[in-house]
file input-v8.txt (compact mmCIF, C-alpha atoms and all ligand atoms)
# COMPACT_ATOMS: atom_id res chain seq x y z
CA MET I 1 0.00 0.00 0.00
CA LYS I 2 1.24 3.47 -0.82
CA ILE I 3 1.93 5.77 2.14
CA ARG I 4 -0.37 8.26 0.41
CA THR I 5 -3.24 5.76 0.75
CA ILE I 6 -2.48 5.30 4.45
CA LYS I 7 -2.68 9.06 4.87
CA GLU I 8 -6.07 9.10 3.18
CA LEU I 9 -7.50 6.10 5.06
CA LEU I 10 -6.53 7.68 8.37
CA ASP I 11 -7.45 11.29 7.48
CA ALA I 12 -3.91 11.99 8.58
CA ARG I 13 -1.87 15.17 8.42
CA LEU I 14 1.51 15.02 6.76
CA ILE I 15 4.26 16.23 9.08
CA ALA I 16 7.38 15.19 7.21
CA GLY I 17 8.46 13.30 4.10
CA GLU I 18 6.27 14.60 1.29
CA ASP I 19 8.71 13.21 -1.29
CA PHE I 20 8.12 9.66 -0.13
CA LEU I 21 4.32 9.51 -0.16
CA ASP I 22 4.35 7.22 -3.19
CA ASN I 23 6.64 4.66 -1.53
CA GLU I 24 5.08 1.28 -0.83
CA VAL I 25 4.76 -0.30 2.60
CA LEU I 26 4.13 -4.02 2.91
CA TYR I 27 3.16 -4.36 6.58
CA ALA I 28 1.84 -2.40 9.53
CA CYS I 29 2.55 -2.58 13.24
CA GLY I 30 0.73 -0.77 16.04
CA SER I 31 2.55 -0.60 19.36
CA ASP I 32 3.73 1.64 22.17
CA LEU I 33 6.40 -0.85 23.12
CA MET I 34 9.56 -0.11 21.14
CA SER I 35 11.17 -3.25 22.63
CA ASP I 36 8.56 -5.37 20.85
CA VAL I 37 8.80 -3.32 17.68
CA LEU I 38 12.56 -3.89 17.59
CA ALA I 39 12.10 -7.62 17.96
CA PHE I 40 9.36 -8.19 15.40
CA VAL I 41 9.05 -5.49 12.77
CA LYS I 42 10.20 -6.10 9.20
CA GLU I 43 11.43 -3.52 6.72
CA GLN I 44 8.99 -1.50 4.61
CA THR I 45 6.56 -1.28 7.51
CA VAL I 46 4.39 1.55 8.75
CA LEU I 47 4.60 1.96 12.52
CA LEU I 48 1.55 3.32 14.36
CA THR I 49 2.19 4.51 17.89
CA GLY I 50 0.95 6.67 20.73
CA LEU I 51 4.50 7.32 21.85
CA ASN I 52 6.08 10.59 20.88
CA ASN I 53 9.80 10.72 21.69
CA PRO I 54 13.09 10.68 19.76
CA GLN I 55 13.58 6.97 20.41
CA VAL I 56 10.58 6.24 18.17
CA ILE I 57 12.51 7.73 15.26
CA ARG I 58 15.68 5.87 16.29
CA THR I 59 13.76 2.62 16.43
CA ALA I 60 12.27 3.25 13.00
CA GLU I 61 15.70 4.11 11.64
CA MET I 62 17.32 0.85 12.78
CA LEU I 63 14.46 -1.20 11.33
CA ASP I 64 14.21 0.63 7.98
CA VAL I 65 10.63 1.57 8.84
CA SER I 66 9.35 3.86 6.06
CA ALA I 67 6.60 5.74 7.88
CA ILE I 68 5.37 6.52 11.38
CA VAL I 69 1.79 7.43 12.26
CA PHE I 70 1.27 9.26 15.55
CA VAL I 71 -2.22 8.46 16.81
CA ARG I 72 -4.71 10.51 18.86
CA GLY I 73 -3.60 13.76 17.31
CA LYS I 74 -0.11 13.74 18.75
CA THR I 75 2.30 16.13 17.10
CA PRO I 76 6.02 15.50 17.41
CA SER I 77 8.44 18.24 18.50
CA PRO I 78 10.53 20.14 15.90
CA GLU I 79 13.54 18.13 17.08
CA ILE I 80 11.78 14.84 16.28
CA ILE I 81 10.59 16.17 12.92
CA GLN I 82 14.15 17.18 12.06
CA MET I 83 15.40 13.69 12.93
CA ALA I 84 12.79 12.14 10.61
CA LEU I 85 13.65 14.53 7.76
CA GLU I 86 17.33 13.59 8.03
CA ARG I 87 16.41 9.90 7.82
CA ASP I 88 13.84 10.04 4.99
CA ILE I 89 11.09 8.77 7.28
CA VAL I 90 7.51 9.91 6.61
CA LEU I 91 5.64 11.28 9.63
CA LEU I 92 1.86 11.37 9.77
CA SER I 93 -0.52 12.37 12.54
CA THR I 94 -4.09 11.11 12.86
CA ASP I 95 -6.84 11.91 15.37
CA HIS I 96 -7.91 8.25 15.49
CA THR I 97 -6.93 6.01 18.39
CA LEU I 98 -4.33 3.29 17.89
CA PHE I 99 -7.06 0.65 17.76
CA GLU I 100 -9.19 2.51 15.23
CA ALA I 101 -6.24 3.47 13.05
CA CYS I 102 -4.99 -0.13 12.90
CA GLY I 103 -8.54 -1.27 12.12
CA LYS I 104 -8.86 1.12 9.23
CA LEU I 105 -5.59 -0.01 7.68
CA TYR I 106 -6.53 -3.66 8.13
CA GLU I 107 -9.87 -2.98 6.46
CA GLY I 108 -7.95 -1.29 3.67
CA GLY I 109 -6.03 -4.52 3.09
CA LEU I 110 -2.79 -4.01 5.01
CA ARG I 111 -1.58 -6.90 7.16
CA GLY I 112 0.79 -7.34 10.09
CA ARG I 113 3.07 -9.93 8.53
CA MET B 1 37.61 -14.75 26.17
CA THR B 2 38.05 -11.72 23.95
CA GLU B 3 38.51 -13.09 20.48
CA SER B 4 40.07 -10.20 18.70
CA ALA B 5 40.01 -10.06 14.96
CA ASN B 6 43.29 -10.88 13.32
CA ASN B 7 45.09 -7.57 12.94
CA GLU B 8 46.00 -8.14 9.32
CA ASP B 9 42.36 -8.75 8.49
CA LEU B 10 41.11 -5.67 10.26
CA VAL B 11 39.69 -3.28 7.71
CA MET B 12 38.23 -0.77 10.08
CA VAL B 13 37.72 -0.08 13.77
CA GLN B 14 35.41 2.50 15.29
CA THR B 15 34.76 3.25 18.94
CA TYR B 16 31.84 5.08 20.48
CA GLU B 17 31.49 6.37 24.01
CA ILE B 18 28.11 5.61 25.59
CA GLU B 19 26.83 7.84 28.35
CA ALA B 20 24.67 6.34 31.09
CA GLY B 21 21.18 7.73 31.48
CA ASN B 22 21.32 10.00 28.44
CA PHE B 23 18.11 9.16 26.59
CA THR B 24 18.43 12.01 24.14
CA LEU B 25 21.72 10.71 22.79
CA ALA B 26 20.77 7.03 23.05
CA GLY B 27 20.93 5.53 19.58
CA GLU B 28 23.50 7.97 18.21
CA ALA B 29 26.23 5.32 18.13
CA ALA B 30 23.96 2.76 16.47
CA SER B 31 22.90 5.43 13.99
CA ASN B 32 26.53 6.17 13.09
CA ILE B 33 27.27 2.47 12.79
CA LYS B 34 24.36 2.06 10.41
CA LYS B 35 25.51 4.98 8.25
CA LEU B 36 29.06 3.66 8.14
CA LEU B 37 28.05 0.12 7.14
CA ARG B 38 25.80 1.52 4.43
CA GLN B 39 28.61 3.66 3.06
CA LEU B 40 30.84 0.60 2.96
CA GLY B 41 28.26 -1.11 0.78
CA ILE B 42 27.52 -3.95 3.22
CA ASP B 43 24.45 -6.02 2.36
CA ALA B 44 21.28 -4.26 3.59
CA LYS B 45 20.04 -7.31 5.53
CA ILE B 46 23.28 -7.49 7.49
CA VAL B 47 23.32 -3.73 8.04
CA ARG B 48 19.86 -4.01 9.53
CA LYS B 49 20.83 -6.85 11.88
CA VAL B 50 24.00 -5.12 13.10
CA SER B 51 22.10 -1.84 13.58
CA ILE B 52 19.35 -3.46 15.64
CA ALA B 53 21.89 -5.30 17.81
CA ALA B 54 23.99 -2.15 18.24
CA TYR B 55 20.92 -0.13 19.22
CA GLU B 56 19.79 -2.73 21.77
CA ALA B 57 23.29 -2.93 23.24
CA GLU B 58 23.57 0.84 23.34
CA LEU B 59 20.16 1.17 25.04
CA ASN B 60 21.18 -1.41 27.62
CA MET B 61 24.28 0.60 28.43
CA VAL B 62 22.25 3.81 28.69
CA ILE B 63 19.48 2.23 30.78
CA HIS B 64 21.24 -0.34 32.94
CA SER B 65 24.94 0.52 33.11
CA LEU B 66 27.23 3.24 34.36
CA GLY B 67 28.33 3.91 30.80
CA GLY B 68 30.97 2.37 28.61
CA ILE B 69 32.47 1.94 25.18
CA MET B 70 31.05 0.33 22.07
CA ARG B 71 33.51 -0.85 19.45
CA LEU B 72 32.86 -1.92 15.88
CA GLU B 73 35.39 -4.06 14.03
CA ILE B 74 35.04 -4.82 10.36
CA THR B 75 37.05 -7.51 8.60
CA PRO B 76 36.55 -9.08 5.17
CA LYS B 77 34.82 -12.02 6.86
CA GLU B 78 32.78 -10.54 9.67
CA ILE B 79 31.54 -7.57 11.63
CA VAL B 80 32.17 -7.67 15.36
CA LEU B 81 30.30 -5.50 17.83
CA LYS B 82 31.85 -5.15 21.28
CA ALA B 83 30.15 -3.37 24.17
CA ARG B 84 32.01 -2.99 27.44
CA ASP B 85 30.64 -1.06 30.40
CA ASP B 86 31.83 -0.03 33.84
CA GLY B 87 29.18 -1.79 35.88
CA PRO B 88 27.13 -2.61 37.84
CA GLY B 89 27.14 -5.97 36.03
CA ILE B 90 24.48 -8.65 35.61
CA GLU B 91 23.83 -11.01 38.48
CA ASP B 92 22.31 -13.91 36.53
CA ILE B 93 23.10 -13.95 32.81
CA GLU B 94 20.83 -16.89 32.07
CA LEU B 95 17.90 -15.02 33.60
CA ALA B 96 18.81 -11.81 31.76
CA MET B 97 18.79 -13.70 28.44
CA GLN B 98 15.19 -14.82 28.99
CA GLU B 99 12.47 -12.94 27.12
CA GLY B 100 10.45 -10.83 29.54
CA TYR B 101 13.06 -10.45 32.27
CA SER B 102 13.77 -6.79 32.93
CA THR B 103 14.92 -4.51 35.71
CA ALA B 104 14.41 -1.37 33.61
CA THR B 105 13.54 1.91 35.31
CA GLU B 106 10.16 3.61 35.09
CA LEU B 107 11.67 6.26 32.82
CA ALA B 108 12.92 3.64 30.35
CA ARG B 109 9.46 2.05 30.34
CA GLU B 110 7.78 5.38 29.65
CA LEU B 111 9.95 5.72 26.55
CA GLY B 112 8.78 2.32 25.33
CA PHE B 113 11.57 0.06 26.55
CA GLY B 114 12.05 -2.43 29.35
CA ALA B 115 10.17 -5.43 28.04
CA GLY B 116 13.11 -7.76 28.51
CA MET B 117 13.42 -8.32 24.77
CA GLY B 118 16.79 -6.70 24.03
CA LEU B 119 19.31 -9.42 24.79
CA PRO B 120 17.22 -12.17 23.12
CA ASN B 121 16.89 -9.86 20.13
CA ILE B 122 20.68 -9.36 19.92
CA LYS B 123 21.07 -13.13 20.01
CA ARG B 124 18.54 -13.53 17.18
CA CYS B 125 20.19 -10.87 15.02
CA SER B 126 23.78 -12.07 15.45
CA ASP B 127 25.54 -15.23 14.30
CA LYS B 128 27.42 -15.60 17.57
CA LEU B 129 26.86 -13.91 20.92
CA HIS B 130 29.16 -13.87 23.89
CA LEU B 131 28.08 -12.20 27.12
CA GLN B 132 30.09 -12.05 30.29
CA SER B 133 29.48 -10.04 33.40
CA LYS B 134 30.58 -9.68 36.95
CA LEU B 135 28.66 -7.86 39.65
CA GLY B 136 30.47 -4.74 40.71
CA GLN B 137 32.74 -4.84 37.67
CA GLY B 138 30.76 -4.61 34.48
CA THR B 139 29.41 -6.33 31.42
CA TYR B 140 31.08 -7.32 28.18
CA LEU B 141 29.01 -8.20 25.14
CA GLU B 142 30.44 -9.41 21.87
CA ALA B 143 28.23 -10.09 18.86
CA ARG B 144 29.53 -11.44 15.55
CA PHE B 145 27.91 -11.12 12.16
CA PHE B 146 29.36 -13.22 9.34
CA LEU B 147 29.69 -11.57 5.95
N1 LIG I 201 24.82 -3.57 30.22
C1 LIG I 201 24.09 -4.03 31.25
N2 LIG I 201 24.44 -3.78 32.53
C2 LIG I 201 23.70 -4.23 33.57
N3 LIG I 201 22.58 -4.97 33.41
C3 LIG I 201 22.18 -5.26 32.16
C4 LIG I 201 22.90 -4.81 31.01
N4 LIG I 201 22.27 -5.27 29.91
C5 LIG I 201 21.21 -5.96 30.34
N5 LIG I 201 21.14 -5.97 31.70
C6 LIG I 201 20.15 -6.68 32.54
O1 LIG I 201 19.52 -7.68 31.77
C7 LIG I 201 18.10 -7.44 31.73
C8 LIG I 201 17.55 -7.89 30.38
O2 LIG I 201 18.07 -7.07 29.32
P1 LIG I 201 17.24 -6.91 27.98
O3 LIG I 201 17.97 -6.01 27.08
O4 LIG I 201 16.90 -8.27 27.46
O5 LIG I 201 15.87 -6.26 28.48
P2 LIG I 201 15.60 -4.76 28.96
O6 LIG I 201 16.74 -3.88 28.56
O7 LIG I 201 15.25 -4.77 30.40
O8 LIG I 201 14.31 -4.38 28.13
P3 LIG I 201 14.25 -4.10 26.53
O9 LIG I 201 15.59 -4.48 25.98
O10 LIG I 201 13.14 -4.94 26.03
O11 LIG I 201 13.98 -2.66 26.38
C9 LIG I 201 17.95 -5.97 32.03
O12 LIG I 201 16.68 -5.62 32.53
C10 LIG I 201 19.05 -5.76 33.07
O13 LIG I 201 18.64 -6.23 34.32
MG MG I 202 17.48 -3.92 26.60
call {"tool": "encode", "arguments": {"input": "input-v8.txt", "output": "structure tokens"}}
result
Amino acid sequence: MKIRTIKELLDARLIAGEDFLDNEVLYACGSDLMSDVLAFVKEQTVLLTGLNNPQVIRTAEMLDVSAIVFVRGKTPSPEIIQMALERDIVLLSTDHTLFEACGKLYEGGLRGR
Amino acid sequence: MTESANNEDLVMVQTYEIEAGNFTLAGEAASNIKKLLRQLGIDAKIVRKVSIAAYEAELNMVIHSLGGIMRLEITPKEIVLKARDDGPGIEDIELAMQEGYSTATELARELGFGAGMGLPNIKRCSDKLHLQSKLGQGTYLEARFFL
């Protein structure tokens, strides 16, 4: 699924990474536990999370995660946005909860593995 | 127990200082390692495995240790990641290697860590893992990735 489609399905705001909206992601993962994310997530994944700290970007970087969706309207700090820009990671923000956002992407055809 | 790479084979060595308790900087070493391996044209799958292991090891030093040094050695045959810290050491290594065992602080948990998944994840990512520790002295972790 294109990141652009994820943005549309989640009525999300684009925060960073406009140039990469047409990149494809193959899987999705919703979690607030970066430990779990580090142990299970594959590359070309979109990560949905309620966490909002620099370690989310670090985690995404190590895993080659292409996009991060911050749920429940969370907006990352300028410092976090800068980190994502430097790493070519797309940042989106949606007002939906983690559960609802994951549900919408699943309905749209995206799977966890 | 430190198996050092044969000096003649050593293509590159990098060291990184890891500061205890600094969650803003945590991941900077792993990030630099990832960039370096990419620049060297190492296979993306291996880069990913080394980066994940380096990040987990770095986080462990930030969260659980008094700080230390991470060292990356690259030879034509393998990449070796060495993390040595100044204490406090691990009491029971077998227990620490089990998924779910964690003594992480509340602050680490708030940031999304402390599930007791890090060491098992390093083991999964690497081809060979050596971990030794002594209470009151420190911990030494050595992970090898075959090229
Ligand atoms: N460098 C270290 N110094 C002292 N203790 C350590 C060190 N690394 C790991 N430990 C101990 O081993 C336990 C398990 O480590 P592990 O990395 O598997 O999990 P964690 O760091 O607690 O959580 P997670 O890695 O999932 O965020 C830690 O909780 C800690 O008690
Ligand atoms: Mg850990």
call {"tool": "residues_near_ligand", "arguments": {"input": "input-v8.txt", "ligand": "ligand LIG 201 (chain I)", "cutoff": "6 Å", "atoms": "only C-alpha atoms and all ligand atoms", "output": "list in words"}}
result
Ser35 of chain I; Asn60, Met61, His64, Ser65, Pro88, Gly89, Ile90, Ala96, Met97, Tyr101, Ser102, Thr103, Ala104, Phe113, Gly114, Ala115, Gly116, Met117, Gly118, Leu119, Pro120 and Thr139 of chain B
call {"tool": "interface_residues", "arguments": {"input": "input-v8.txt", "of": "chain I", "to": "chain B", "cutoff": "12 Å", "atoms": "only C-alpha atoms", "output": "PyMOL selection string"}}
result
chain I and resi 31-43+49-65+79-80+83+86-87
call {"tool": "atom_distance", "arguments": {"input": "input-v8.txt", "atom1": "CA of Gly138 in chain B", "atom2": "CA of Asn32 in chain B"}}
result
24.3 Å
call {"tool": "atom_distance", "arguments": {"input": "input-v8.txt", "atom1": "CA of Gly103 in chain I", "atom2": "CA of Leu14 in chain I"}}
result
19.9 Å
call {"tool": "atom_distance", "arguments": {"input": "input-v8.txt", "atom1": "CA of Met70 in chain B", "atom2": "CA of Leu141 in chain B"}}
result
9.3 Å
call {"tool": "residues_around", "arguments": {"input": "input-v8.txt", "residues": "Ser126 in chain B", "least_positions_apart": "6", "cutoff": "7 Å", "atoms": "only C-alpha atoms", "output": "count of residues only"}}
result
4
call {"tool": "closest_residue", "arguments": {"input": "input-v8.txt", "among": "B:Ile63, B:Gln137, B:Lys128, B:Lys82", "to": "ligand MG 202 (chain I)", "atoms": "all atoms listed in the file"}}
result
B:Ile63
call {"tool": "closest_residue", "arguments": {"input": "input-v8.txt", "among": "B:Leu129, B:Glu99, B:Glu106, B:Val11", "to": "Ile74 in chain B", "atoms": "only C-alpha atoms"}}
result
B:Val11
call {"tool": "closest_residue", "arguments": {"input": "input-v8.txt", "among": "B:Phe146, B:Val62, B:Leu10, B:Leu81", "to": "ligand MG 202 (chain I)", "atoms": "all atoms listed in the file"}}
result
B:Val62
call {"tool": "residues_around", "arguments": {"input": "input-v8.txt", "residues": "Asp11 in chain I", "least_positions_apart": "3", "cutoff": "10 Å", "atoms": "all atoms listed in the file", "output": "list of chain:residue names"}}
result
I:Thr5, I:Ile6, I:Lys7, I:Glu8, I:Leu14, I:Leu92, I:Ser93, I:Thr94, I:Asp95, I:His96, I:Ala101
call {"tool": "closest_residue", "arguments": {"input": "input-v8.txt", "among": "I:Leu91, I:Phe99, I:Gly112, I:Thr75", "to": "Arg4 in chain I", "atoms": "all atoms listed in the file"}}
result
I:Leu91
call {"tool": "residues_around", "arguments": {"input": "input-v8.txt", "residues": "Leu98 in chain I", "least_positions_apart": "6", "cutoff": "12 Å", "atoms": "all atoms listed in the file", "output": "MDAnalysis selection string"}}
result
chainID I and resid 10 28:32 47:51 69:74 104:105
call {"tool": "closest_residue", "arguments": {"input": "input-v8.txt", "among": "B:Gln132, B:Gln14, B:Gln39, B:Thr105", "to": "ligand MG 202 (chain I)", "atoms": "all atoms listed in the file"}}
result
B:Thr105
call {"tool": "closest_residue", "arguments": {"input": "input-v8.txt", "among": "B:Glu58, B:Glu19, B:Glu91, B:Glu73", "to": "ligand MG 202 (chain I)", "atoms": "only C-alpha atoms and all ligand atoms"}}
result
B:Glu58
call {"tool": "residues_near_point", "arguments": {"input": "input-v8.txt", "point": "(-1.3, -8.4, 6.9)", "cutoff": "9 Å", "atoms": "all atoms listed in the file", "output": "VMD selection string"}}
result
chain I and resid 26 to 28 106 109 to 113
